[in-house]
>>> print(open('upload.csv').read())   # CSV, C-alpha atoms
chain,number,residue,atom,x,y,z
A,1,MET,CA,7.3,-1.6,21.5
A,2,THR,CA,6.0,-0.2,18.2
A,3,ASP,CA,4.5,-2.3,15.5
A,4,GLN,CA,7.3,-1.4,13.1
A,5,LYS,CA,9.8,-2.9,15.6
A,6,MET,CA,7.8,-6.0,16.2
A,7,SER,CA,7.5,-6.9,12.5
A,8,ILE,CA,5.0,-9.6,13.4
A,9,LEU,CA,4.6,-12.3,10.7
A,10,SER,CA,1.0,-13.3,10.1
A,11,ALA,CA,-0.7,-15.5,7.6
A,12,GLN,CA,-3.9,-13.6,8.2
A,13,GLN,CA,-4.9,-11.4,5.3
A,14,ILE,CA,-8.1,-9.4,4.9
A,15,CYS,CA,-9.2,-10.5,1.5
A,16,LEU,CA,-12.0,-9.9,-1.0
A,17,VAL,CA,-13.2,-12.0,-3.9
A,18,SER,CA,-15.6,-11.2,-6.7
A,19,GLY,CA,-18.8,-13.1,-6.5
A,20,ASN,CA,-21.3,-12.0,-9.1
A,21,SER,CA,-23.7,-14.5,-10.5
A,22,LYS,CA,-24.3,-13.8,-14.2
A,23,ILE,CA,-26.7,-15.6,-16.5
A,24,SER,CA,-26.4,-14.5,-20.1
A,25,PRO,CA,-23.2,-15.2,-22.2
A,26,LEU,CA,-22.6,-11.5,-22.6
A,27,MET,CA,-22.8,-10.9,-18.9
A,28,LYS,CA,-20.6,-13.9,-18.2
A,29,ILE,CA,-17.9,-12.3,-20.4
A,30,LYS,CA,-18.3,-9.1,-18.5
A,31,SER,CA,-18.0,-10.9,-15.2
A,32,ALA,CA,-14.9,-12.8,-16.4
A,33,LEU,CA,-13.3,-9.5,-17.2
A,34,GLU,CA,-14.0,-7.9,-13.8
A,35,VAL,CA,-11.2,-7.7,-11.4
A,36,PRO,CA,-11.8,-8.7,-7.7
A,37,VAL,CA,-10.4,-6.3,-5.1
A,38,ILE,CA,-8.4,-7.6,-2.3
A,39,MET,CA,-7.6,-5.9,1.0
A,40,GLN,CA,-4.5,-7.5,2.3
A,41,SER,CA,-2.8,-7.0,5.6
A,42,GLY,CA,-0.9,-8.8,8.4
A,43,ILE,CA,-2.3,-6.2,10.9
A,44,SER,CA,-5.9,-6.4,12.0
A,45,CYS,CA,-6.7,-4.6,15.3
A,46,ILE,CA,-8.3,-1.2,15.3
A,47,HIS,CA,-5.5,1.1,16.6
A,48,ALA,CA,-4.5,4.4,15.0
A,49,GLY,CA,-0.9,3.4,14.4
A,50,ARG,CA,-1.8,0.1,12.7
A,51,VAL,CA,-5.1,0.5,10.9
A,52,LEU,CA,-3.6,2.3,7.9
A,53,ALA,CA,-1.5,-0.8,7.1
A,54,ILE,CA,-4.6,-2.6,6.1
A,55,TRP,CA,-5.3,0.0,3.4
A,56,THR,CA,-1.7,0.4,2.1
A,57,ALA,CA,-1.4,-3.1,0.8
A,58,LEU,CA,-4.4,-3.1,-1.6
A,59,LEU,CA,-3.8,-5.6,-4.4
A,60,LEU,CA,-5.7,-7.1,-7.3
A,61,LEU,CA,-6.5,-10.8,-7.9
A,62,SER,CA,-6.8,-13.5,-5.3
A,63,GLY,CA,-3.9,-15.1,-3.4
A,64,CYS,CA,-4.5,-15.4,0.3
A,65,SER,CA,-3.1,-18.8,1.1
A,66,ALA,CA,-0.4,-18.9,3.7
A,67,PHE,CA,1.9,-21.0,1.6
A,68,ASN,CA,1.5,-22.9,-1.7
A,69,ASP,CA,3.2,-26.2,-2.5
A,70,SER,CA,3.0,-25.5,-6.2
A,71,ASP,CA,5.4,-22.6,-5.8
A,72,ASN,CA,8.2,-25.1,-5.4
A,73,ASN,CA,7.1,-27.1,-8.5
A,74,ILE,CA,9.4,-26.1,-11.4
A,75,GLU,CA,6.9,-27.3,-14.0
A,76,LYS,CA,4.3,-25.0,-12.6
A,77,GLN,CA,6.8,-22.1,-12.7
A,78,ILE,CA,7.6,-22.8,-16.3
A,79,GLU,CA,3.9,-22.9,-17.1
A,80,ARG,CA,3.3,-19.5,-15.4
A,81,GLN,CA,6.3,-18.0,-17.2
A,82,GLN,CA,5.0,-19.3,-20.5
A,83,ALA,CA,1.5,-17.9,-19.8
A,84,GLN,CA,3.0,-14.5,-19.0
A,85,TYR,CA,5.0,-14.6,-22.2
A,86,GLU,CA,1.9,-15.4,-24.2
A,87,LEU,CA,0.0,-12.6,-22.5
A,88,ILE,CA,2.3,-9.8,-23.4
A,89,SER,CA,3.3,-11.0,-26.9
A,90,GLU,CA,1.3,-9.8,-29.8
A,91,PRO,CA,1.2,-12.4,-32.6
A,92,VAL,CA,1.0,-11.4,-36.2
A,93,PRO,CA,-2.7,-11.6,-37.2
A,94,GLU,CA,-3.7,-14.4,-39.5
A,95,VAL,CA,-5.6,-13.5,-42.7
A,96,ASP,CA,-8.1,-16.3,-42.8
A,97,ARG,CA,-10.4,-14.8,-40.1
A,98,THR,CA,-12.1,-11.5,-39.6
A,99,ALA,CA,-11.7,-9.3,-36.6
A,100,ALA,CA,-15.2,-10.1,-35.5
A,101,GLU,CA,-14.4,-13.8,-35.7
A,102,TYR,CA,-11.2,-13.3,-33.5
A,103,GLU,CA,-13.3,-11.4,-31.0
A,104,GLU,CA,-15.8,-14.3,-30.9
A,105,LEU,CA,-13.0,-16.8,-30.4
A,106,GLY,CA,-11.6,-14.7,-27.6
A,107,ASP,CA,-15.0,-14.4,-25.9
A,108,ARG,CA,-15.3,-18.2,-26.0
A,109,GLN,CA,-11.9,-18.7,-24.4
A,110,LEU,CA,-12.8,-16.1,-21.8
A,111,LEU,CA,-16.0,-18.0,-20.8
A,112,ARG,CA,-13.8,-21.1,-20.4
A,113,GLY,CA,-11.5,-19.3,-18.1
A,114,ASP,CA,-8.5,-19.2,-20.4
A,115,ILE,CA,-7.6,-15.6,-20.3
A,116,ASN,CA,-4.2,-16.1,-22.0
A,117,ARG,CA,-5.7,-17.6,-25.2
A,118,ALA,CA,-8.5,-15.0,-25.1
A,119,TYR,CA,-6.0,-12.2,-25.0
A,120,ILE,CA,-4.1,-13.7,-28.0
A,121,TYR,CA,-7.3,-13.8,-30.1
A,122,TYR,CA,-8.2,-10.2,-29.1
A,123,ILE,CA,-4.7,-9.1,-30.2
A,124,LYS,CA,-5.1,-10.9,-33.5
A,125,GLY,CA,-8.4,-9.1,-34.0
A,126,LEU,CA,-6.9,-5.8,-33.1
A,127,GLY,CA,-4.1,-6.4,-35.6
A,128,LEU,CA,-6.9,-6.3,-38.3
A,129,GLU,CA,-8.9,-3.5,-36.6
A,130,PRO,CA,-6.7,-1.4,-34.3
A,131,ASP,CA,-9.5,1.0,-33.5
A,132,ASN,CA,-12.0,-1.7,-32.5
A,133,VAL,CA,-13.2,-0.2,-29.2
A,134,SER,CA,-14.8,-3.4,-27.9
A,135,MET,CA,-11.7,-5.5,-28.2
A,136,ARG,CA,-9.5,-2.7,-26.9
A,137,HIS,CA,-11.6,-2.6,-23.7
A,138,LYS,CA,-11.3,-6.3,-23.4
A,139,GLN,CA,-7.5,-6.1,-23.8
A,140,GLY,CA,-7.3,-3.5,-21.1
A,141,ALA,CA,-9.5,-5.5,-18.7
A,142,LEU,CA,-7.4,-8.7,-19.2
A,143,LEU,CA,-4.2,-6.8,-18.6
A,144,LEU,CA,-5.7,-5.5,-15.4
A,145,LYS,CA,-6.7,-9.0,-14.4
A,146,LYS,CA,-3.0,-10.0,-14.8
A,147,LYS,CA,-1.9,-6.9,-12.9
A,148,LYS,CA,-0.1,-5.5,-15.9
A,149,PHE,CA,-1.1,-2.0,-14.7
A,150,VAL,CA,1.3,0.1,-16.9
A,151,GLU,CA,0.4,-1.8,-20.0
A,152,ALA,CA,-3.3,-1.5,-19.2
A,153,GLU,CA,-2.9,2.3,-18.6
A,154,THR,CA,-1.5,2.5,-22.1
A,155,VAL,CA,-4.5,0.8,-23.6
A,156,TYR,CA,-7.0,3.0,-21.8
A,157,ASN,CA,-5.0,6.1,-22.8
A,158,MET,CA,-5.4,5.0,-26.4
A,159,LEU,CA,-9.1,4.7,-25.9
A,160,LEU,CA,-9.4,8.1,-24.2
A,161,GLY,CA,-7.2,9.6,-27.0
A,162,LYS,CA,-9.9,8.6,-29.4
A,163,ASN,CA,-12.8,9.6,-27.2
A,164,GLU,CA,-12.4,11.6,-24.0
A,165,GLN,CA,-16.0,10.8,-23.2
A,166,ASP,CA,-15.4,7.1,-23.0
A,167,PHE,CA,-16.4,6.8,-19.3
A,168,LEU,CA,-15.7,3.1,-19.1
A,169,ALA,CA,-12.1,3.9,-20.2
A,170,HIS,CA,-11.9,6.4,-17.3
A,171,GLU,CA,-13.0,3.7,-14.9
A,172,GLY,CA,-10.5,1.3,-16.4
A,173,ARG,CA,-7.7,3.8,-16.2
A,174,GLY,CA,-8.7,4.6,-12.6
A,175,ARG,CA,-8.1,0.9,-11.8
A,176,THR,CA,-4.7,1.0,-13.4
A,177,TYR,CA,-3.8,4.1,-11.3
A,178,PHE,CA,-5.1,2.3,-8.2
A,179,GLY,CA,-2.9,-0.7,-8.9
A,180,GLN,CA,0.1,1.5,-9.3
A,181,GLY,CA,-0.5,3.4,-6.1
A,182,LYS,CA,-1.5,6.6,-7.9
A,183,PHE,CA,-4.5,7.1,-5.7
A,184,GLN,CA,-5.2,10.8,-6.4
A,185,GLU,CA,-5.2,10.2,-10.2
A,186,ALA,CA,-7.4,7.1,-9.6
A,187,GLU,CA,-9.9,9.0,-7.6
A,188,GLN,CA,-10.2,11.7,-10.3
A,189,ASP,CA,-10.9,9.1,-13.0
A,190,PHE,CA,-13.5,7.3,-10.9
A,191,LEU,CA,-15.3,10.6,-10.3
A,192,VAL,CA,-15.2,11.4,-14.0
A,193,ALA,CA,-16.7,8.0,-14.8
A,194,LEU,CA,-19.5,8.7,-12.4
A,195,GLU,CA,-20.4,11.9,-14.2
A,196,SER,CA,-22.0,9.9,-17.0
A,197,SER,CA,-24.0,7.6,-14.7
A,198,ASP,CA,-24.2,6.9,-11.0
A,199,GLU,CA,-24.8,3.3,-11.8
A,200,ARG,CA,-21.2,2.3,-11.8
A,201,PRO,CA,-20.7,0.0,-8.8
A,202,GLN,CA,-17.1,-0.6,-9.5
A,203,SER,CA,-16.2,3.1,-9.4
A,204,HIS,CA,-18.2,3.4,-6.1
A,205,GLU,CA,-16.4,0.4,-4.7
A,206,PHE,CA,-12.9,1.7,-5.6
A,207,LEU,CA,-13.8,5.1,-4.2
A,208,GLY,CA,-14.9,3.3,-1.0
A,209,LEU,CA,-11.4,1.7,-0.9
A,210,LEU,CA,-9.7,5.0,-1.4
A,211,HIS,CA,-11.8,6.6,1.5
A,212,GLY,CA,-11.0,3.6,3.6
A,213,ARG,CA,-7.3,4.0,2.9
A,214,ARG,CA,-7.5,7.5,4.3
A,215,GLN,CA,-9.4,6.1,7.3
A,216,GLU,CA,-12.6,8.0,6.2
A,217,TYR,CA,-14.7,5.0,7.1
A,218,ASP,CA,-18.1,6.7,7.1
A,219,LYS,CA,-17.5,7.9,3.5
A,220,ALA,CA,-16.2,4.5,2.5
A,221,ILE,CA,-19.3,2.8,3.9
A,222,GLU,CA,-21.5,5.2,2.0
A,223,GLN,CA,-19.7,4.3,-1.3
A,224,PHE,CA,-19.9,0.6,-0.7
A,225,LYS,CA,-23.6,0.9,0.1
A,226,ILE,CA,-24.2,2.7,-3.2
A,227,ALA,CA,-22.3,0.0,-5.1
A,228,LEU,CA,-24.2,-2.7,-3.3
A,229,ALA,CA,-27.6,-1.2,-4.2
A,230,SER,CA,-26.7,-1.9,-7.9
A,231,GLN,CA,-25.3,-5.3,-7.2
A,232,PRO,CA,-26.9,-6.7,-4.0
A,233,LEU,CA,-25.4,-10.2,-4.4
A,234,ASN,CA,-21.8,-8.9,-5.1
A,235,VAL,CA,-19.6,-10.7,-2.6
A,236,SER,CA,-16.6,-8.5,-3.1
A,237,ILE,CA,-18.5,-5.3,-2.3
A,238,SER,CA,-20.3,-6.9,0.6
A,239,ASN,CA,-17.1,-8.1,2.0
A,240,ASN,CA,-15.5,-4.7,1.6
A,241,LEU,CA,-18.4,-3.2,3.5
A,242,ALA,CA,-18.1,-5.8,6.3
A,243,VAL,CA,-14.4,-5.2,6.7
A,244,THR,CA,-15.0,-1.4,6.8
A,245,TYR,CA,-17.6,-1.8,9.5
A,246,TYR,CA,-15.0,-3.8,11.4
A,247,LEU,CA,-12.3,-1.1,11.0
A,248,ASN,CA,-14.8,1.5,12.0
A,249,GLY,CA,-15.5,-0.3,15.3
A,250,ASN,CA,-18.9,-1.7,14.4
A,251,SER,CA,-18.0,-5.4,14.8
A,252,THR,CA,-21.6,-6.4,15.4
A,253,GLU,CA,-22.7,-5.2,12.0
A,254,ALA,CA,-19.6,-6.8,10.5
A,255,VAL,CA,-20.4,-10.2,11.9
A,256,ARG,CA,-24.0,-9.9,10.7
A,257,LEU,CA,-22.9,-9.1,7.2
A,258,LEU,CA,-20.2,-11.7,7.0
A,259,ARG,CA,-22.5,-14.5,8.2
A,260,VAL,CA,-25.0,-13.5,5.5
A,261,LEU,CA,-22.1,-13.6,3.0
A,262,LEU,CA,-21.1,-17.1,4.0
A,263,ARG,CA,-24.6,-18.3,3.2
A,264,ILE,CA,-24.1,-16.9,-0.3
A,265,SER,CA,-20.5,-17.8,-0.8
A,266,PRO,CA,-18.7,-20.1,1.8
A,267,ASN,CA,-15.4,-18.7,0.9
A,268,LYS,CA,-12.2,-19.3,3.0
A,269,LYS,CA,-11.3,-15.6,2.9
A,270,ILE,CA,-14.7,-14.6,4.4
A,271,HIS,CA,-14.3,-17.2,7.1
A,272,ASN,CA,-10.9,-15.6,7.9
A,273,ASN,CA,-12.4,-12.1,8.1
A,274,LEU,CA,-15.1,-13.4,10.4
A,275,GLY,CA,-12.4,-14.9,12.6
A,276,LEU,CA,-10.9,-11.4,12.9
A,277,VAL,CA,-14.1,-9.8,14.0
A,278,TYR,CA,-15.0,-12.6,16.4
A,279,PHE,CA,-11.6,-12.0,18.0
A,280,GLN,CA,-12.2,-8.3,18.3
A,281,LEU,CA,-15.4,-9.1,20.2
A,282,GLY,CA,-13.6,-11.4,22.5
A,283,LEU,CA,-15.3,-14.6,21.2
A,284,TYR,CA,-12.1,-16.6,20.9
A,285,GLU,CA,-13.6,-20.0,20.4
A,286,GLU,CA,-15.7,-18.7,17.5
A,287,ALA,CA,-12.6,-16.9,16.1
A,288,MET,CA,-10.6,-20.1,16.2
A,289,GLU,CA,-13.3,-22.0,14.5
A,290,SER,CA,-13.5,-19.4,11.7
A,291,PHE,CA,-9.8,-19.3,11.3
A,292,LYS,CA,-9.8,-23.1,10.9
A,293,ARG,CA,-12.5,-22.9,8.2
A,294,GLY,CA,-10.6,-20.1,6.5
A,295,SER,CA,-7.2,-21.8,6.5
A,296,GLU,CA,-5.5,-24.5,4.5
A,297,ASN,CA,-4.6,-26.4,7.6
A,298,PRO,CA,-4.9,-26.0,11.4
A,299,ALA,CA,-1.3,-24.7,11.8
A,300,VAL,CA,-2.2,-21.6,9.8
A,301,ALA,CA,-5.3,-21.1,12.0
A,302,TYR,CA,-3.2,-21.3,15.2
A,303,ASN,CA,-0.6,-18.9,13.9
A,304,ASN,CA,-3.4,-16.4,13.0
A,305,MET,CA,-4.8,-16.8,16.5
A,306,GLY,CA,-1.4,-16.4,18.1
A,307,TYR,CA,-0.8,-13.3,16.0
A,308,GLU,CA,-4.1,-11.7,17.2
A,309,PHE,CA,-3.2,-12.6,20.9
A,310,LEU,CA,0.3,-11.1,20.4
A,311,SER,CA,-1.2,-7.9,18.8
A,312,SER,CA,-3.5,-7.7,21.9
A,313,LYS,CA,-0.6,-8.2,24.3
A,314,LYS,CA,-1.9,-11.5,25.5
A,315,TYR,CA,1.5,-13.1,25.4
A,316,GLY,CA,0.8,-16.3,27.3
A,317,GLU,CA,-2.1,-17.2,25.0
A,318,ALA,CA,0.1,-16.1,22.0
A,319,ILE,CA,2.9,-18.4,23.0
A,320,GLU,CA,0.5,-21.4,23.4
A,321,ALA,CA,-1.0,-20.8,20.0
A,322,PHE,CA,2.4,-20.4,18.2
A,323,GLU,CA,3.8,-23.6,19.8
A,324,LYS,CA,0.7,-25.4,18.6
A,325,ALA,CA,1.2,-24.1,15.1
A,326,ILE,CA,4.8,-25.3,15.0
A,327,SER,CA,3.9,-28.7,16.4
A,328,LEU,CA,1.2,-29.2,13.8
A,329,HIS,CA,3.1,-28.3,10.6
A,330,PRO,CA,6.9,-28.2,10.4
A,331,LYS,CA,6.7,-26.3,7.1
A,332,TYR,CA,5.0,-23.4,8.9
A,333,TYR,CA,7.9,-23.3,11.5
A,334,PRO,CA,9.8,-20.1,10.3
A,335,SER,CA,7.0,-17.5,10.7
A,336,ALA,CA,5.4,-19.2,13.7
A,337,GLN,CA,8.8,-19.5,15.4
A,338,LYS,CA,9.6,-15.8,14.8
A,339,ASN,CA,6.2,-14.9,16.3
A,340,LEU,CA,6.8,-17.2,19.2
A,341,ASP,CA,10.2,-15.6,19.9
A,342,LEU,CA,8.5,-12.1,19.8
A,343,ALA,CA,5.8,-13.2,22.3
A,344,LYS,CA,8.4,-14.7,24.7
A,345,HIS,CA,10.5,-11.5,24.4
A,346,GLU,CA,7.5,-9.3,25.2
A,347,MET,CA,6.4,-11.5,28.1
A,348,ALA,CA,10.0,-11.3,29.6
A,349,LYS,CA,10.1,-7.6,29.2
A,350,ARG,CA,6.7,-7.2,30.9
A,351,SER,CA,7.9,-9.4,33.8
A,352,ARG,CA,11.1,-7.2,34.2
A,353,SER,CA,8.9,-4.1,34.2
A,354,SER,CA,6.6,-5.4,36.9
A,355,GLU,CA,9.6,-6.3,39.1
A,356,ASN,CA,10.9,-2.8,38.8
>>> encode(input="upload.csv", output="structure tokens")
Amino acid sequence: MTDQKMSILSAQQICLVSGNSKISPLMKIKSALEVPVIMQSGISCIHAGRVLAIWTALLLLSGCSAFNDSDNNIEKQIERQQAQYELISEPVPEVDRTAAEYEELGDRQLLRGDINRAYIYYIKGLGLEPDNVSMRHKQGALLLKKKKFVEAETVYNMLLGKNEQDFLAHEGRGRTYFGQGKFQEAEQDFLVALESSDERPQSHEFLGLLHGRRQEYDKAIEQFKIALASQPLNVSISNNLAVTYYLNGNSTEAVRLLRVLLRISPNKKIHNNLGLVYFQLGLYEEAMESFKRGSENPAVAYNNMGYEFLSSKKYGEAIEAFEKAISLHPKYYPSAQKNLDLAKHEMAKRSRSSEN
């Protein structure tokens, strides 16, 4: 049975998070504007018909939990809707502050983690100085952070219309194209950005993701290594590299790198990735432990483990894991139950085949 027909539901997602440690206020602002890259997939084993799925669901921003209680909270939904409204609205600039003062206020809000208020201050500043390159770049970066790719593309087109040699704008526009699935255009912009300087780790990282999407894993690894040379403590790039080693069949190197990463950043997503690699190596106890560390609750971990067993056609082990997930967390019942039914169906089909 093909993967498309199986439609396995898995909470497992291969994820990346940014992890740069910056010191100066200026660098903290730059870090706050950077967008972490996420490789997301419900399919994890290295088989030709399934590997591409890992690279076709590339997203921006974090969001790897299996389920979120706050999604059912109407107050939270209203807050999110209000934040989105504030982000895309452009208030009329006040006259009692200068553009530079608005930019400073925006920077302060950015350092506090309030990107919506930061955006509003930058818009007010741009109302006074529409050609302010610094604030226009920050506007574009914040739109990227909110996954407003079309709006961000407009901003970077404005910048490039003023200065075609604005290589940072080429890099930013490449990220908007990437987010919209325009991979060929994205690659072209990243290559242009690198014409000015090879010291652009983000362009190298995205090129690595583009190569990985085409299953050109050796080229992807090369790009991630170049990016990592400039930012050796960047968790996002290191995690990208580890996952690519995994997809390229080098699970031993993936384990080594992920274990190093966990000493730097004990992140749940990295634990989850390590669980995938341990499973590939046949280290099921270690895989289960990593899935537990990378999950919100044990039910998610057992469902992940069951999914991996099901993908590996170990139906008895898969059934046991899915039943455990259902018993531990009723809220997790729908996806685990569907996976359980699939595992039982496959086991029955195998039994009929052996009888014939």
>>> closest_atom_pairs(input="upload.csv", of="range 250-295 of chain A", to="range 216-232 of chain A", cutoff="12 Å", atoms="all atoms listed in the file", output="CSV")
residue,atom,partner,partner_atom,distance
A:Asn250,CA,A:Tyr217,CA,10.8
A:Glu253,CA,A:Ile221,CA,11.9
A:Ala254,CA,A:Ile221,CA,11.7
A:Val260,CA,A:Pro232,CA,11.8
A:Leu261,CA,A:Pro232,CA,10.9
A:Ile264,CA,A:Pro232,CA,11.2
>>> atom_distance(input="upload.csv", atom1="CA of Asp166 in chain A", atom2="CA of Glu185 in chain A")
16.7 Å
>>> closest_residue(input="upload.csv", among="A:Tyr121, A:Phe309, A:Tyr278, A:Phe190", to="Leu168 in chain A", atoms="only C-alpha atoms")
A:Phe190
>>> closest_residue(input="upload.csv", among="A:Gln139, A:Val133, A:Glu308, A:Glu187", to="Arg117 in chain A", atoms="all atoms listed in the file")
A:Gln139
>>> atom_distance(input="upload.csv", atom1="CA of Phe183 in chain A", atom2="CA of Asn239 in chain A")
21.2 Å
>>> residues_around(input="upload.csv", residues="Gly316 in chain A", least_positions_apart="2", cutoff="8 Å", atoms="all atoms listed in the file", output="PyMOL selection string")
chain A and resi 314+318-320+343+347
>>> atom_distance(input="upload.csv", atom1="CA of Leu126 in chain A", atom2="CA of His170 in chain A")
20.6 Å
>>> residues_around(input="upload.csv", residues="Lys162 in chain A", least_positions_apart="6", cutoff="12 Å", atoms="all atoms listed in the file", output="list in words")
Pro130, Asp131, Asn132, Val133, Arg136, Val155, Tyr156 and Ala169 of chain A
>>> residues_around(input="upload.csv", residues="range 293-299 of chain A", least_positions_apart="3", cutoff="7 Å", atoms="all atoms listed in the file", output="NGL selection string")
:A and (268-269 or 271-272 or 289-290 or 302-303 or 325-326 or 328-329)
>>> closest_residue(input="upload.csv", among="A:Gly174, A:Gly140, A:Gly125, A:Gly306", to="Leu276 in chain A", atoms="only C-alpha atoms")
A:Gly306
